[in-house]
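Peer 1: Take this structure first; my questions come after.
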Amino acid sequence: MNTGQQTCIAAPLVVQSRRQIELAGAELTTLLRGRVRVGEPMARHTTFRIGGAADLFVQPHDEEDLATTLRFARDKGFPCKVIGNGSNLLVSDGGIRGVVVRLAPRLADVEWLEDGAHVGAGARLATLVKQACEVGLSGLESTVGIPGTLGGALATNAGTDTGSIGDLVVGATVLDHDGELRQWTAEQFAYRYRHSNLGSSRATVIRAHLKLEPAAKDDVLAKVDRLRQKRSGRQPLRAWSAGSVFKNPRAVAAGKVLDRAGAKGHRVDDAEVSRKHANFLINRGHATAAAMRELIAWAHDLGLARYGIDLELEIELIGER
Ligand SMILES: Cc1cc2nc3c(=O)[nH]c(=O)nc-3n(C[C@H](O)[C@H](O)[C@H](O)COP(=O)(O)OP(=O)(O)OC[C@H]3O[C@@H](n4cnc5c(N)ncnc54)[C@H](O)[C@@H]3O)c2cc1C
């Protein structure tokens, strides 16, 4: 199963004491315009509403803050993880050692072009979809209902059966693992189904150039409304979840496999397989990461035992266990 990636400048792993973390937090605070918190519960920053504390949690105010934070983490020997809206993450109950850098809601500037947009990595997809309707540009409809940021979407190649974000990428500005600003072409992301090589390259996207098609505003809006309705009829979008837990195998949807195997409604404490969509595992209120992991393992083994299908994780498991 996917155990998570570090999206940051490379740093040797050094165990930090509580005192060192507090001192580092105080020092980082003096270097940034943005916020630094010590021991921030990650449950506040994930759509699962699950996850223990991050040693240091940073919300950079701008690109300069981001670059300073990444360099600081490297120099101090802190591991570092950049996140967007935490909508594809299951953070362990033990939390995350090192620095978590949350881009949203900053670094979210958007410049609309006649046939595309330059978009900051912290911009929410929902905002982009809404604005694209207003300016009459088509393409982003494939991301309707995905509660992530552009950065998270570019890392996971987020999308639906109507297309993926990778289809729209012309290029991007990234902070490379060595802390240098670089321009990436679309090819460098090596996009495939729910995968890019951003994580393995440890680069952080700052902004991207997307190509979109000029279209009648009413047509784009109608398509967005249609897709939104379709989703809300089939998926538990109001529940605390991270969307689809497993990737769809080639021949059949993961949700169908689990539904036919009778997974709906199965629970481990407050973690439950949604009764609306079997590939959505939901937190009913007080689910721990341990309970959610146990439910994930149960669902995985069920698919294997009933149909011989080895479901692959779509969500990312991160943090100390
Ligand atoms: C109700 C619901 C429905 C969903 N439906 C869909 C769907 O239809 N299709 C789909 O694909 N997904 C879906 N998801 C999953 C999730 O929303 C997407 O994967 C989304 O793109 C993640 O974006 P994020 O900003 O939340 O990223 P996060 O979850 O915060 O991070 C995901 C990954 O991206 C990396 N990352 C984030 N920002 C950057 C950056 N700037 N540079 C480099 N790496 C970065 C992180 O390190 C992490 O590895 C759904 C989730 C929910 C809760």
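Each chain in the structure tokens gets a letter, A, B and so on, in the order shown; residues start at 1 in every chain, and ligands are counted from 1 in the order they appear.
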Output the neighbourhood of ligand 1 as a VMD selection string, that is, all protein and nucleic acid residues with some atom at most 6 Å from the ligand, counting only C-alpha atoms and all ligand atoms.
Peer 2: chain A and resid 5 7 47 81 to 89 121 146 to 149 151 to 153 155 to 156 158 to 160 203 to 206 237 241 to 243
Peer 1: Could the residues in this selection be saved with N, CA, C and O atoms as a short mmCIF file (atom, residue, chain, number, x, y, z; two decimals), in the first residue's frame?
Peer 2:
```
data_model
loop_
_atom_site.label_atom_id
_atom_site.label_comp_id
_atom_site.auth_asym_id
_atom_site.auth_seq_id
_atom_site.Cartn_x
_atom_site.Cartn_y
_atom_site.Cartn_z
N GLN A 5 4.49 10.25 0.54
CA GLN A 5 5.74 10.76 0.00
C GLN A 5 6.08 12.05 0.72
O GLN A 5 5.22 12.71 1.25
N THR A 7 7.09 15.75 0.16
CA THR A 7 7.11 16.73 -0.90
C THR A 7 7.88 17.94 -0.39
O THR A 7 7.32 18.81 0.23
N THR A 47 -9.95 16.35 5.30
CA THR A 47 -11.40 16.19 5.11
C THR A 47 -11.93 14.94 5.82
O THR A 47 -13.14 14.81 6.00
N LYS A 81 6.41 18.04 4.67
CA LYS A 81 5.32 17.61 3.79
C LYS A 81 4.48 18.81 3.42
O LYS A 81 3.94 19.51 4.29
N VAL A 82 4.34 19.06 2.12
CA VAL A 82 3.48 20.14 1.65
C VAL A 82 2.10 19.57 1.38
O VAL A 82 1.98 18.52 0.73
N ILE A 83 1.06 20.22 1.88
CA ILE A 83 -0.30 19.75 1.62
C ILE A 83 -1.16 20.89 1.06
O ILE A 83 -0.77 22.06 1.13
N GLY A 84 -2.29 20.50 0.50
CA GLY A 84 -3.24 21.50 -0.01
C GLY A 84 -4.42 21.58 0.95
O GLY A 84 -4.34 22.20 2.00
N ASN A 85 -5.49 20.86 0.60
CA ASN A 85 -6.68 20.86 1.46
C ASN A 85 -6.81 19.58 2.28
O ASN A 85 -7.83 19.36 2.91
N GLY A 86 -5.81 18.73 2.23
CA GLY A 86 -5.84 17.49 3.02
C GLY A 86 -7.00 16.58 2.65
O GLY A 86 -7.49 15.82 3.49
N SER A 87 -7.41 16.58 1.38
CA SER A 87 -8.60 15.80 1.00
C SER A 87 -8.26 14.45 0.38
O SER A 87 -9.15 13.73 -0.06
N ASN A 88 -6.96 14.12 0.34
CA ASN A 88 -6.57 12.79 -0.14
C ASN A 88 -5.65 12.11 0.86
O ASN A 88 -4.88 11.23 0.50
N LEU A 89 -5.75 12.53 2.12
CA LEU A 89 -4.79 12.08 3.12
C LEU A 89 -5.45 11.41 4.32
O LEU A 89 -6.47 11.90 4.82
N ALA A 121 -0.89 27.32 -6.75
CA ALA A 121 -1.12 25.95 -6.27
C ALA A 121 -2.12 25.88 -5.13
O ALA A 121 -2.76 24.86 -4.92
N ILE A 146 -14.51 17.93 -6.65
CA ILE A 146 -13.27 17.49 -6.00
C ILE A 146 -12.83 18.60 -5.02
O ILE A 146 -12.53 19.71 -5.46
N PRO A 147 -12.78 18.30 -3.72
CA PRO A 147 -12.56 19.37 -2.74
C PRO A 147 -11.08 19.67 -2.47
O PRO A 147 -10.69 19.87 -1.32
N GLY A 148 -10.26 19.67 -3.52
CA GLY A 148 -8.82 19.87 -3.32
C GLY A 148 -8.35 21.20 -3.88
O GLY A 148 -9.13 22.00 -4.41
N THR A 149 -7.05 21.41 -3.77
CA THR A 149 -6.40 22.58 -4.35
C THR A 149 -5.77 22.18 -5.69
O THR A 149 -5.63 20.98 -5.99
N GLY A 151 -2.62 22.43 -6.41
CA GLY A 151 -1.38 21.71 -6.11
C GLY A 151 -1.63 20.23 -5.82
O GLY A 151 -0.95 19.36 -6.36
N GLY A 152 -2.62 19.96 -4.98
CA GLY A 152 -2.96 18.58 -4.65
C GLY A 152 -3.46 17.83 -5.87
O GLY A 152 -3.14 16.65 -6.08
N ALA A 153 -4.23 18.53 -6.70
CA ALA A 153 -4.77 17.89 -7.91
C ALA A 153 -3.64 17.55 -8.89
O ALA A 153 -3.62 16.48 -9.49
N ALA A 155 -0.60 16.91 -8.10
CA ALA A 155 0.21 15.82 -7.54
C ALA A 155 -0.47 14.47 -7.73
O ALA A 155 0.21 13.46 -7.95
N THR A 156 -1.80 14.45 -7.64
CA THR A 156 -2.52 13.16 -7.69
C THR A 156 -3.15 12.90 -9.06
O THR A 156 -3.77 11.87 -9.26
N ALA A 158 -5.76 14.45 -10.22
CA ALA A 158 -7.17 14.30 -9.83
C ALA A 158 -8.08 14.43 -11.04
O ALA A 158 -7.78 15.14 -12.00
N GLY A 159 -9.19 13.76 -10.98
CA GLY A 159 -10.16 13.86 -12.08
C GLY A 159 -11.33 12.93 -11.87
O GLY A 159 -11.49 12.34 -10.80
N THR A 160 -12.12 12.84 -12.92
CA THR A 160 -13.31 12.01 -12.88
C THR A 160 -13.36 11.22 -14.19
O THR A 160 -12.41 11.29 -14.99
N ALA A 203 9.31 17.69 -5.52
CA ALA A 203 9.16 19.09 -5.93
C ALA A 203 7.83 19.62 -5.41
O ALA A 203 6.89 18.87 -5.20
N THR A 204 7.78 20.93 -5.20
CA THR A 204 6.55 21.58 -4.75
C THR A 204 6.06 22.51 -5.86
O THR A 204 6.80 23.38 -6.31
N VAL A 205 4.82 22.32 -6.28
CA VAL A 205 4.28 23.21 -7.32
C VAL A 205 3.90 24.54 -6.70
O VAL A 205 3.26 24.57 -5.65
N ILE A 206 4.28 25.60 -7.37
CA ILE A 206 3.90 26.94 -6.90
C ILE A 206 2.74 27.47 -7.73
O ILE A 206 1.79 28.02 -7.22
N LEU A 237 -21.17 13.19 -0.27
CA LEU A 237 -20.26 14.34 -0.33
C LEU A 237 -20.25 15.18 0.94
O LEU A 237 -19.35 15.97 1.16
N SER A 241 -14.72 12.35 4.68
CA SER A 241 -14.07 11.26 3.94
C SER A 241 -12.87 11.84 3.19
O SER A 241 -12.58 13.03 3.28
N ALA A 242 -12.20 10.96 2.43
CA ALA A 242 -11.14 11.45 1.53
C ALA A 242 -11.51 11.02 0.10
O ALA A 242 -10.63 10.75 -0.72
N GLY A 243 -12.81 10.93 -0.17
CA GLY A 243 -13.25 10.51 -1.50
C GLY A 243 -13.02 9.02 -1.68
O GLY A 243 -13.06 8.24 -0.72
#
```
Peer 1: Extract, using only C-alpha atoms, all DNA, RNA and protein residues at most 12 Å from Arg250 of chain A, discarding same-chain residues fewer than 2 positions from it, and format them as a PyMOL selection string.
Peer 2: chain A and resi 193+247-248+252-254+257+309-312
Peer 1: Taking the backbone alone, and naming residues the way the document does, which bits of segment 175-238 of chain A are alpha helix (DSSP H) by DSSP, as a PyMOL selection string?
Peer 2: chain A and resi 198-201+217-234
Peer 1: Any chance you can output those residues with C-alpha atoms as a PDB file, in the first residue's frame?
Peer 2:
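Below is the file that was written, again_23.pdb:
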```pdb
ATOM      1  CA  LEU A 198       5.733  15.102  -8.337  1.00  0.00           C
ATOM      2  CA  GLY A 199       5.924  13.161  -5.073  1.00  0.00           C
ATOM      3  CA  SER A 200       8.910  11.034  -6.020  1.00  0.00           C
ATOM      4  CA  SER A 201      10.767  14.106  -7.308  1.00  0.00           C
ATOM      5  CA  LYS A 217     -20.853  30.554 -20.380  1.00  0.00           C
ATOM      6  CA  ASP A 218     -24.321  28.968 -20.212  1.00  0.00           C
ATOM      7  CA  ASP A 219     -23.026  25.735 -21.744  1.00  0.00           C
ATOM      8  CA  VAL A 220     -20.170  25.459 -19.241  1.00  0.00           C
ATOM      9  CA  LEU A 221     -22.518  26.218 -16.356  1.00  0.00           C
ATOM     10  CA  ALA A 222     -25.069  23.651 -17.558  1.00  0.00           C
ATOM     11  CA  LYS A 223     -22.369  20.979 -17.787  1.00  0.00           C
ATOM     12  CA  VAL A 224     -21.077  21.811 -14.311  1.00  0.00           C
ATOM     13  CA  ASP A 225     -24.602  21.632 -12.841  1.00  0.00           C
ATOM     14  CA  ARG A 226     -25.282  18.315 -14.549  1.00  0.00           C
ATOM     15  CA  LEU A 227     -22.033  16.766 -13.283  1.00  0.00           C
ATOM     16  CA  ARG A 228     -22.551  18.140  -9.775  1.00  0.00           C
ATOM     17  CA  GLN A 229     -26.034  16.630  -9.556  1.00  0.00           C
ATOM     18  CA  LYS A 230     -24.791  13.296 -10.856  1.00  0.00           C
ATOM     19  CA  ARG A 231     -22.124  13.184  -8.131  1.00  0.00           C
ATOM     20  CA  SER A 232     -24.298  14.231  -5.249  1.00  0.00           C
ATOM     21  CA  GLY A 233     -26.820  11.525  -6.136  1.00  0.00           C
ATOM     22  CA  ARG A 234     -24.156   8.807  -5.963  1.00  0.00           C
TER      23      ARG A 234
END
```
Peer 1: Can you pull out every residue within 12 Å of segment 32-35 of chain A, counting only C-alpha atoms, but drop anything in the same chain fewer than 6 positions away, and send it as a list in words?
Peer 2: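 Final neighbour list, sorted by chain and number: Gly25, Ala26, Leu56, Phe57, Val58, Gln59, Pro60, His61, Asp62, Glu63, Glu64, Asp65, Leu66, Ala67, Thr68, Thr69, Leu70, Phe72, Val100, Val101, Arg102, Leu103, Ala104, Pro105, Arg106 and Leu107 of chain A.
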Peer 1: How about saving the chosen residues, N, CA, C and O atoms kept, as an mmCIF file, in the first residue's frame?
Peer 2:
```
data_model
loop_
_atom_site.group_PDB
_atom_site.id
_atom_site.type_symbol
_atom_site.label_atom_id
_atom_site.label_comp_id
_atom_site.auth_asym_id
_atom_site.auth_seq_id
_atom_site.Cartn_x
_atom_site.Cartn_y
_atom_site.Cartn_z
ATOM 1 N N GLY A 25 10.194 26.365 16.064
ATOM 2 C CA GLY A 25 8.945 27.076 15.749
ATOM 3 C C GLY A 25 9.090 28.563 16.013
ATOM 4 O O GLY A 25 8.670 29.396 15.200
ATOM 5 N N ALA A 26 9.708 28.892 17.159
ATOM 6 C CA ALA A 26 9.880 30.310 17.512
ATOM 7 C C ALA A 26 10.802 30.997 16.499
ATOM 8 O O ALA A 26 10.541 32.124 16.056
ATOM 9 N N LEU A 56 5.509 20.884 13.521
ATOM 10 C CA LEU A 56 5.399 22.287 13.120
ATOM 11 C C LEU A 56 4.431 22.380 11.948
ATOM 12 O O LEU A 56 4.531 21.581 11.008
ATOM 13 N N PHE A 57 3.537 23.331 12.015
ATOM 14 C CA PHE A 57 2.535 23.492 10.960
ATOM 15 C C PHE A 57 2.642 24.928 10.459
ATOM 16 O O PHE A 57 2.499 25.887 11.228
ATOM 17 N N VAL A 58 2.908 25.069 9.165
ATOM 18 C CA VAL A 58 3.177 26.397 8.611
ATOM 19 C C VAL A 58 2.188 26.729 7.506
ATOM 20 O O VAL A 58 1.909 25.895 6.636
ATOM 21 N N GLN A 59 1.654 27.927 7.542
ATOM 22 C CA GLN A 59 0.838 28.428 6.425
ATOM 23 C C GLN A 59 1.565 29.637 5.840
ATOM 24 O O GLN A 59 1.437 30.753 6.344
ATOM 25 N N PRO A 60 2.381 29.402 4.787
ATOM 26 C CA PRO A 60 3.164 30.499 4.227
ATOM 27 C C PRO A 60 2.261 31.585 3.668
ATOM 28 O O PRO A 60 1.194 31.296 3.128
ATOM 29 N N HIS A 61 2.722 32.812 3.801
ATOM 30 C CA HIS A 61 1.938 33.940 3.301
ATOM 31 C C HIS A 61 2.105 34.084 1.794
ATOM 32 O O HIS A 61 1.204 34.496 1.085
ATOM 33 N N ASP A 62 3.301 33.746 1.311
ATOM 34 C CA ASP A 62 3.597 33.919 -0.113
ATOM 35 C C ASP A 62 4.719 32.966 -0.530
ATOM 36 O O ASP A 62 5.200 32.171 0.286
ATOM 37 N N GLU A 63 5.146 33.092 -1.781
ATOM 38 C CA GLU A 63 6.178 32.187 -2.311
ATOM 39 C C GLU A 63 7.482 32.285 -1.532
ATOM 40 O O GLU A 63 8.171 31.293 -1.315
ATOM 41 N N GLU A 64 7.808 33.506 -1.133
ATOM 42 C CA GLU A 64 9.063 33.703 -0.401
ATOM 43 C C GLU A 64 9.020 32.950 0.937
ATOM 44 O O GLU A 64 9.978 32.274 1.320
ATOM 45 N N ASP A 65 7.873 33.066 1.623
ATOM 46 C CA ASP A 65 7.675 32.322 2.878
ATOM 47 C C ASP A 65 7.833 30.824 2.649
ATOM 48 O O ASP A 65 8.443 30.111 3.452
ATOM 49 N N LEU A 66 7.251 30.351 1.552
ATOM 50 C CA LEU A 66 7.307 28.912 1.249
ATOM 51 C C LEU A 66 8.757 28.480 1.077
ATOM 52 O O LEU A 66 9.211 27.504 1.685
ATOM 53 N N ALA A 67 9.495 29.249 0.247
ATOM 54 C CA ALA A 67 10.897 28.896 -0.010
ATOM 55 C C ALA A 67 11.705 28.933 1.285
ATOM 56 O O ALA A 67 12.522 28.045 1.559
ATOM 57 N N THR A 68 11.446 29.943 2.120
ATOM 58 C CA THR A 68 12.165 30.060 3.398
ATOM 59 C C THR A 68 11.872 28.845 4.284
ATOM 60 O O THR A 68 12.765 28.267 4.906
ATOM 61 N N THR A 69 10.593 28.436 4.319
ATOM 62 C CA THR A 69 10.194 27.300 5.172
ATOM 63 C C THR A 69 10.883 26.012 4.715
ATOM 64 O O THR A 69 11.396 25.240 5.527
ATOM 65 N N LEU A 70 10.891 25.781 3.407
ATOM 66 C CA LEU A 70 11.488 24.550 2.890
ATOM 67 C C LEU A 70 12.994 24.515 3.174
ATOM 68 O O LEU A 70 13.544 23.484 3.571
ATOM 69 N N PHE A 72 14.516 26.143 5.592
ATOM 70 C CA PHE A 72 14.644 26.030 7.052
ATOM 71 C C PHE A 72 14.547 24.559 7.478
ATOM 72 O O PHE A 72 15.360 24.064 8.254
ATOM 73 N N VAL A 100 4.795 20.411 8.465
ATOM 74 C CA VAL A 100 3.733 20.321 7.459
ATOM 75 C C VAL A 100 3.488 21.740 6.962
ATOM 76 O O VAL A 100 3.316 22.672 7.753
ATOM 77 N N VAL A 101 3.495 21.902 5.642
ATOM 78 C CA VAL A 101 3.294 23.220 5.044
ATOM 79 C C VAL A 101 1.974 23.192 4.294
ATOM 80 O O VAL A 101 1.821 22.440 3.328
ATOM 81 N N ARG A 102 1.021 23.974 4.747
ATOM 82 C CA ARG A 102 -0.284 23.991 4.077
ATOM 83 C C ARG A 102 -0.387 25.234 3.198
ATOM 84 O O ARG A 102 -0.321 26.369 3.690
ATOM 85 N N LEU A 103 -0.556 25.031 1.892
ATOM 86 C CA LEU A 103 -0.589 26.182 0.975
ATOM 87 C C LEU A 103 -1.927 26.914 0.996
ATOM 88 O O LEU A 103 -1.968 28.135 1.000
ATOM 89 N N ALA A 104 -3.049 26.160 0.966
ATOM 90 C CA ALA A 104 -4.358 26.818 0.936
ATOM 91 C C ALA A 104 -4.571 27.552 2.261
ATOM 92 O O ALA A 104 -4.144 27.056 3.305
ATOM 93 N N PRO A 105 -5.209 28.715 2.283
ATOM 94 C CA PRO A 105 -5.832 29.386 1.147
ATOM 95 C C PRO A 105 -4.928 30.396 0.449
ATOM 96 O O PRO A 105 -5.385 31.137 -0.406
ATOM 97 N N ARG A 106 -3.614 30.415 0.799
ATOM 98 C CA ARG A 106 -2.694 31.370 0.157
ATOM 99 C C ARG A 106 -2.154 30.796 -1.155
ATOM 100 O O ARG A 106 -2.484 29.684 -1.529
ATOM 101 N N LEU A 107 -1.267 31.546 -1.790
ATOM 102 C CA LEU A 107 -0.685 31.178 -3.090
ATOM 103 C C LEU A 107 -1.782 30.726 -4.048
ATOM 104 O O LEU A 107 -1.697 29.675 -4.688
#
```
Peer 1: Please provide as a PDB file with N, CA and C atoms, in the first residue's frame all residues within 8 Å of Asp93 of chain A, with the sequence filter that same-chain residues fewer than 4 positions apart are discarded (counting only C-alpha atoms).
Peer 2:
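Result written to result_37.pdb:
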```pdb
ATOM      1  N   ILE A  50      -9.408  13.476  10.690  1.00  0.00           N
ATOM      2  CA  ILE A  50      -8.637  12.474  11.433  1.00  0.00           C
ATOM      3  C   ILE A  50      -7.169  12.885  11.371  1.00  0.00           C
ATOM      4  N   GLY A  51      -6.421  12.623  12.436  1.00  0.00           N
ATOM      5  CA  GLY A  51      -4.967  12.821  12.374  1.00  0.00           C
ATOM      6  C   GLY A  51      -4.418  13.500  13.612  1.00  0.00           C
ATOM      7  N   GLY A  52      -3.309  12.964  14.131  1.00  0.00           N
ATOM      8  CA  GLY A  52      -2.639  13.557  15.285  1.00  0.00           C
ATOM      9  C   GLY A  52      -1.869  14.815  14.893  1.00  0.00           C
ATOM     10  N   ALA A  53      -1.059  15.299  15.837  1.00  0.00           N
ATOM     11  CA  ALA A  53      -0.430  16.615  15.670  1.00  0.00           C
ATOM     12  C   ALA A  53       0.807  16.598  14.768  1.00  0.00           C
ATOM     13  N   THR A 288     -10.746   6.975  14.580  1.00  0.00           N
ATOM     14  CA  THR A 288      -9.303   7.175  14.668  1.00  0.00           C
ATOM     15  C   THR A 288      -8.689   6.718  13.346  1.00  0.00           C
ATOM     16  N   ALA A 289      -7.433   7.111  13.136  1.00  0.00           N
ATOM     17  CA  ALA A 289      -6.734   6.637  11.934  1.00  0.00           C
ATOM     18  C   ALA A 289      -6.553   5.121  12.015  1.00  0.00           C
ATOM     19  N   ALA A 290      -6.336   4.609  13.231  1.00  0.00           N
ATOM     20  CA  ALA A 290      -6.149   3.161  13.397  1.00  0.00           C
ATOM     21  C   ALA A 290      -7.410   2.422  12.951  1.00  0.00           C
ATOM     22  N   GLY A 319       2.317   9.817   8.232  1.00  0.00           N
ATOM     23  CA  GLY A 319       2.492  10.076   9.653  1.00  0.00           C
ATOM     24  C   GLY A 319       3.050   8.902  10.430  1.00  0.00           C
ATOM     25  N   GLU A 320       3.280   9.157  11.714  1.00  0.00           N
ATOM     26  CA  GLU A 320       3.846   8.167  12.634  1.00  0.00           C
ATOM     27  C   GLU A 320       2.791   7.189  13.065  1.00  0.00           C
ATOM     28  N   ARG A 321       3.114   5.912  13.130  1.00  0.00           N
ATOM     29  CA  ARG A 321       2.104   4.931  13.564  1.00  0.00           C
ATOM     30  C   ARG A 321       2.334   4.500  14.992  1.00  0.00           C
TER      31      ARG A 321
END
```
Peer 1: Kindly assemble as a tab-separated table a list of the segment 212-289 of chain A residues that lie within 8 Å of segment 294-302 of chain A, each paired with its nearest atom pair and their distance in Å to one decimal, using only C-alpha atoms, sorted first by chain and then by ascending residue number.
Peer 2:
```
residue	atom	partner	partner_atom	distance
A:Val245	CA	A:Ile296	CA	7.8
A:Leu258	CA	A:Ala299	CA	7.1
A:Ala261	CA	A:Leu302	CA	7.0
A:Ala263	CA	A:Ala299	CA	6.9
A:Arg267	CA	A:Leu295	CA	7.0
A:Val268	CA	A:Leu295	CA	5.9
A:Ala271	CA	A:Leu295	CA	6.9
A:Glu272	CA	A:Leu295	CA	7.4
A:Val273	CA	A:Leu295	CA	7.8
A:Leu281	CA	A:Ile296	CA	7.8
```
Peer 1: When distances are computed from only C-alpha atoms, which of A:Glu22, A:Arg71, A:Gly98, A:Thr173 shows the smallest separation from Asp55 of chain A?
Peer 2: A:Gly98
Peer 1: Taking the chain letters and numbering used in this document, name the residues of segment 40-285 of chain A that DSSP puts in strand (DSSP E or B), as a count of residues only.
Peer 2: 76
Peer 1: How many Å lie between atom CA of Arg194 of chain A and atom CA of Lys256 of chain A, rounded to one decimal?
Peer 2: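 Those two atoms sit 18.5 Å apart.
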Peer 1: Which residue, A:Ala251, A:Leu181, A:Leu28, A:Ala239, has the smallest gap to Arg49 of chain A when you use only C-alpha atoms?
Peer 2: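 Closest residue, counting only C-alpha atoms: A:Ala239.
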Peer 1: To one decimal place in Å, what is the distance between atom CA of Gly163 of chain A and atom CA of His45 of chain A?
Peer 2: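 Rounded to one decimal, the two atoms are 26.9 Å apart.
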Peer 1: Please report the interatomic distance between atom CA of Leu140 of chain A and atom CA of Leu317 of chain A in Å with one decimal.
Peer 2: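 That distance, rounded to one decimal, is 27.2 Å.
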Peer 1: Counting only C-alpha atoms, what is within 10 Å of Trp112 of chain A, bar same-chain residues fewer than 6 positions away, as a list in words?
Peer 2: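 These residues fall inside the cut-off: His118, Val119, Leu128, Gln131, Ala132, Val135, Leu137, His209, Leu210 and Leu212 of chain A.
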Peer 1: Based on the selection just made, write N, CA and C atoms of those residues as a PDB file, in the first residue's frame.
Peer 2:
```
ATOM      1  N   HIS A 118      -3.275  31.025 -15.561  1.00  0.00           N
ATOM      2  CA  HIS A 118      -2.125  30.807 -14.690  1.00  0.00           C
ATOM      3  C   HIS A 118      -2.691  30.736 -13.276  1.00  0.00           C
ATOM      4  N   VAL A 119      -2.471  29.632 -12.590  1.00  0.00           N
ATOM      5  CA  VAL A 119      -3.160  29.405 -11.313  1.00  0.00           C
ATOM      6  C   VAL A 119      -2.171  29.058 -10.206  1.00  0.00           C
ATOM      7  N   LEU A 128     -12.008  27.639  -8.906  1.00  0.00           N
ATOM      8  CA  LEU A 128     -11.604  27.701 -10.320  1.00  0.00           C
ATOM      9  C   LEU A 128     -12.771  27.343 -11.237  1.00  0.00           C
ATOM     10  N   GLN A 131     -15.231  30.239 -11.335  1.00  0.00           N
ATOM     11  CA  GLN A 131     -14.738  31.391 -12.107  1.00  0.00           C
ATOM     12  C   GLN A 131     -14.635  31.060 -13.597  1.00  0.00           C
ATOM     13  N   ALA A 132     -14.287  29.815 -13.919  1.00  0.00           N
ATOM     14  CA  ALA A 132     -14.193  29.425 -15.336  1.00  0.00           C
ATOM     15  C   ALA A 132     -15.562  29.546 -16.009  1.00  0.00           C
ATOM     16  N   VAL A 135     -16.089  33.279 -16.754  1.00  0.00           N
ATOM     17  CA  VAL A 135     -15.316  33.853 -17.862  1.00  0.00           C
ATOM     18  C   VAL A 135     -15.531  33.076 -19.167  1.00  0.00           C
ATOM     19  N   LEU A 137     -14.821  29.583 -19.946  1.00  0.00           N
ATOM     20  CA  LEU A 137     -13.738  28.677 -20.350  1.00  0.00           C
ATOM     21  C   LEU A 137     -14.098  27.258 -19.916  1.00  0.00           C
ATOM     22  N   HIS A 209       0.305  26.578 -15.498  1.00  0.00           N
ATOM     23  CA  HIS A 209      -0.394  27.126 -16.663  1.00  0.00           C
ATOM     24  C   HIS A 209      -1.309  26.027 -17.190  1.00  0.00           C
ATOM     25  N   LEU A 210      -2.613  26.300 -17.192  1.00  0.00           N
ATOM     26  CA  LEU A 210      -3.588  25.329 -17.685  1.00  0.00           C
ATOM     27  C   LEU A 210      -4.148  25.804 -19.019  1.00  0.00           C
ATOM     28  N   LEU A 212      -7.356  25.846 -21.533  1.00  0.00           N
ATOM     29  CA  LEU A 212      -8.808  25.669 -21.481  1.00  0.00           C
ATOM     30  C   LEU A 212      -9.390  26.123 -22.815  1.00  0.00           C
TER      31      LEU A 212
END
```
